[in-house]
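All remarks here apply to the structure that follows.
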Amino acid sequence: MLSFHDTEDDIVPYWTTEQFLYNTKKAGNQMDLVRLEGKGHFFDETSKKNARMYNDDIFTFVDEFLIKHKLMK
């Protein structure tokens with residue numbers, strides 16, 4: 001699993017994803033967490049404020065994750 005979460009999320013606190021990461025790994029599952037800053041709760045291609053983050057950086061993280069797990073070359 002690959003998860004993205006912003007430290008300034010005012011709807012879902014960042015610590016909840018850290019706790020989920022801990023429990024996921026403790027259960028023997030794989031999870032990578034990408035810590036974001038300054039994006040708030042919601043970012044995607046429709047967000048004018050964060051569209052560059054979605055288009056550029058997110059796909060870099062996804063590609064690295066897929067290569068790491070031998071799901072893409």
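Each chain in the structure tokens gets a letter, A, B and so on, in the order shown; residues start at 1 in every chain, and ligands are counted from 1 in the order they appear.
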
Could you name the residues that touch His41 of chain A at 7 Å or less, counting only C-alpha atoms, but leaving out those on the same chain fewer than 2 positions away, as a ChimeraX atom specification?
/A:6,9-11,39,43

Would you export the selected residues with C-alpha atoms as a CSV table (one decimal), in the first residue's frame, please?
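Now in part-v5.csv:
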chain,number,residue,atom,x,y,z
A,6,ASP,CA,-0.4,15.9,4.8
A,9,ASP,CA,-4.7,17.9,7.4
A,10,ASP,CA,-7.4,19.6,9.4
A,11,ILE,CA,-9.9,16.8,8.8
A,39,LYS,CA,-1.4,20.7,1.1
A,43,PHE,CA,-5.3,17.6,-3.3

Exercise: Phe20 of chain A partners within 12 Å, only C-alpha atoms, chain neighbours under 3 positions left out, as a VMD selection string:
chain A and resid 1 to 3 5 13 to 17 23 to 27 29 to 33

Residues from the last selection, all heavy atoms, saved as a short mmCIF file (atom, residue, chain, number, x, y, z; two decimals), in the first residue's frame:
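selection01.cif was written with the following content:
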data_model
loop_
_atom_site.label_atom_id
_atom_site.label_comp_id
_atom_site.auth_asym_id
_atom_site.auth_seq_id
_atom_site.Cartn_x
_atom_site.Cartn_y
_atom_site.Cartn_z
N MET A 1 0.84 -1.16 0.00
CA MET A 1 0.00 0.00 0.00
C MET A 1 0.89 1.23 0.00
O MET A 1 1.92 1.27 0.67
CB MET A 1 -0.90 0.01 1.24
CG MET A 1 -1.63 1.31 1.43
SD MET A 1 -2.47 1.40 3.01
CE MET A 1 -4.12 1.15 2.46
N LEU A 2 0.48 2.21 -0.74
CA LEU A 2 1.15 3.51 -0.77
C LEU A 2 0.14 4.55 -0.32
O LEU A 2 -0.95 4.64 -0.87
CB LEU A 2 1.64 3.83 -2.19
CG LEU A 2 2.29 5.18 -2.40
CD1 LEU A 2 3.53 5.34 -1.53
CD2 LEU A 2 2.64 5.37 -3.87
N SER A 3 0.50 5.32 0.70
CA SER A 3 -0.41 6.32 1.25
C SER A 3 0.27 7.69 1.25
O SER A 3 1.46 7.81 1.51
CB SER A 3 -0.79 5.93 2.68
OG SER A 3 -1.69 6.86 3.24
N HIS A 5 -0.22 11.55 2.94
CA HIS A 5 -0.97 12.27 3.98
C HIS A 5 -0.21 13.54 4.32
O HIS A 5 1.01 13.54 4.46
CB HIS A 5 -1.13 11.40 5.23
CG HIS A 5 -2.25 11.83 6.10
ND1 HIS A 5 -3.24 10.97 6.50
CD2 HIS A 5 -2.57 13.02 6.63
CE1 HIS A 5 -4.11 11.62 7.26
NE2 HIS A 5 -3.71 12.88 7.35
N PRO A 13 -6.31 13.77 11.17
CA PRO A 13 -4.99 14.08 11.72
C PRO A 13 -3.91 13.15 11.18
O PRO A 13 -4.12 11.95 10.99
CB PRO A 13 -5.18 13.87 13.23
CG PRO A 13 -6.64 13.97 13.46
CD PRO A 13 -7.29 13.47 12.21
N TYR A 14 -2.73 13.72 10.95
CA TYR A 14 -1.61 12.97 10.40
C TYR A 14 -1.25 11.76 11.27
O TYR A 14 -0.94 10.69 10.75
CB TYR A 14 -0.39 13.88 10.22
CG TYR A 14 0.79 13.18 9.63
CD1 TYR A 14 0.84 12.91 8.26
CD2 TYR A 14 1.84 12.74 10.42
CE1 TYR A 14 1.91 12.24 7.70
CE2 TYR A 14 2.91 12.06 9.86
CZ TYR A 14 2.94 11.82 8.51
OH TYR A 14 3.99 11.14 7.95
N TRP A 15 -1.32 11.92 12.57
CA TRP A 15 -0.94 10.83 13.47
C TRP A 15 -1.77 9.58 13.23
O TRP A 15 -1.30 8.46 13.50
CB TRP A 15 -0.99 11.26 14.93
CG TRP A 15 -2.37 11.50 15.46
CD1 TRP A 15 -3.02 12.70 15.54
CD2 TRP A 15 -3.28 10.53 15.99
NE1 TRP A 15 -4.27 12.54 16.07
CE2 TRP A 15 -4.46 11.20 16.36
CE3 TRP A 15 -3.22 9.15 16.17
CZ2 TRP A 15 -5.56 10.56 16.91
CZ3 TRP A 15 -4.33 8.50 16.72
CH2 TRP A 15 -5.47 9.20 17.09
N THR A 16 -3.00 9.72 12.73
CA THR A 16 -3.83 8.53 12.51
C THR A 16 -3.23 7.65 11.40
O THR A 16 -3.31 6.43 11.48
CB THR A 16 -5.28 8.90 12.16
OG1 THR A 16 -5.31 9.67 10.95
CG2 THR A 16 -5.93 9.69 13.28
N THR A 17 -2.63 8.27 10.40
CA THR A 17 -2.01 7.49 9.34
C THR A 17 -0.71 6.88 9.84
O THR A 17 -0.37 5.75 9.46
CB THR A 17 -1.77 8.36 8.10
OG1 THR A 17 -3.03 8.86 7.66
CG2 THR A 17 -1.15 7.56 6.97
N ASN A 23 0.46 -0.25 12.62
CA ASN A 23 -0.36 -1.45 12.75
C ASN A 23 -0.30 -2.32 11.50
O ASN A 23 -0.31 -3.55 11.60
CB ASN A 23 -1.80 -1.08 13.07
CG ASN A 23 -1.96 -0.53 14.47
OD1 ASN A 23 -1.19 -0.84 15.38
ND2 ASN A 23 -2.94 0.34 14.66
N THR A 24 -0.22 -1.68 10.34
CA THR A 24 -0.14 -2.42 9.09
C THR A 24 1.16 -3.22 9.03
O THR A 24 1.16 -4.41 8.69
CB THR A 24 -0.23 -1.45 7.90
OG1 THR A 24 -1.50 -0.81 7.93
CG2 THR A 24 -0.08 -2.16 6.57
N LYS A 25 2.27 -2.58 9.37
CA LYS A 25 3.56 -3.27 9.36
C LYS A 25 3.64 -4.32 10.45
O LYS A 25 4.21 -5.40 10.25
CB LYS A 25 4.69 -2.25 9.47
CG LYS A 25 4.84 -1.43 8.19
CD LYS A 25 6.05 -0.55 8.23
CE LYS A 25 6.24 0.10 6.87
NZ LYS A 25 7.52 0.79 6.75
N LYS A 26 3.07 -4.03 11.61
CA LYS A 26 3.05 -4.99 12.72
C LYS A 26 2.31 -6.26 12.31
O LYS A 26 2.67 -7.36 12.73
CB LYS A 26 2.40 -4.36 13.94
CG LYS A 26 2.44 -5.20 15.18
CD LYS A 26 1.86 -4.45 16.36
CE LYS A 26 1.83 -5.35 17.58
NZ LYS A 26 1.20 -4.67 18.72
N ALA A 27 1.29 -6.12 11.47
CA ALA A 27 0.51 -7.26 10.99
C ALA A 27 1.22 -8.00 9.86
O ALA A 27 0.71 -8.99 9.35
CB ALA A 27 -0.87 -6.80 10.53
N ASN A 29 2.21 -6.61 6.88
CA ASN A 29 1.89 -6.07 5.56
C ASN A 29 2.83 -4.93 5.18
O ASN A 29 3.43 -4.30 6.04
CB ASN A 29 0.43 -5.59 5.52
CG ASN A 29 -0.53 -6.73 5.77
OD1 ASN A 29 -0.50 -7.74 5.09
ND2 ASN A 29 -1.37 -6.57 6.78
N GLN A 30 2.92 -4.67 3.89
CA GLN A 30 3.79 -3.60 3.38
C GLN A 30 3.00 -2.32 3.19
O GLN A 30 1.90 -2.34 2.63
CB GLN A 30 4.40 -4.03 2.04
CG GLN A 30 5.24 -2.97 1.37
CD GLN A 30 6.44 -2.54 2.19
OE1 GLN A 30 7.11 -3.34 2.81
NE2 GLN A 30 6.72 -1.26 2.20
N MET A 31 3.57 -1.22 3.65
CA MET A 31 2.95 0.09 3.45
C MET A 31 4.05 1.13 3.44
O MET A 31 4.95 1.10 4.27
CB MET A 31 1.94 0.41 4.54
CG MET A 31 1.29 1.77 4.40
SD MET A 31 0.05 2.04 5.69
CE MET A 31 -0.27 3.79 5.43
N ASP A 32 3.99 2.04 2.48
CA ASP A 32 4.86 3.20 2.45
C ASP A 32 3.99 4.43 2.65
O ASP A 32 2.91 4.54 2.07
CB ASP A 32 5.59 3.31 1.11
CG ASP A 32 6.63 2.22 0.91
OD1 ASP A 32 6.87 1.43 1.85
OD2 ASP A 32 7.21 2.16 -0.17
N LEU A 33 4.47 5.34 3.48
CA LEU A 33 3.75 6.58 3.76
C LEU A 33 4.59 7.74 3.25
O LEU A 33 5.76 7.89 3.60
CB LEU A 33 3.51 6.73 5.26
CG LEU A 33 2.94 8.06 5.74
CD1 LEU A 33 1.58 8.35 5.10
CD2 LEU A 33 2.83 8.07 7.26
#

Separation of atom CA of Gly40 of chain A and atom CA of Thr7 of chain A, in Å?
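Atom CA of Thr7 of chain A lies at a distance of 7.4 Å from atom CA of Gly40 of chain A.
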
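Of the residues in chain A, those that DSSP places in alpha helix (DSSP H) on the basis of the backbone are A:Tyr14, A:Trp15, A:Thr16, A:Thr17, A:Glu18, A:Gln19, A:Phe20, A:Leu21, A:Tyr22, A:Asn23, A:Thr24, A:Lys25, A:Lys26, A:Ala51, A:Arg52, A:Phe59, A:Thr60, A:Phe61, A:Val62, A:Asp63, A:Glu64, A:Phe65, A:Leu66, A:Ile67, A:Lys68.
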
Report the distance between atom CA of Met72 of chain A and atom CA of Ile58 of chain A in Å, rounded to one decimal place.
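Rounded to one decimal, the two atoms are 15.9 Å apart.
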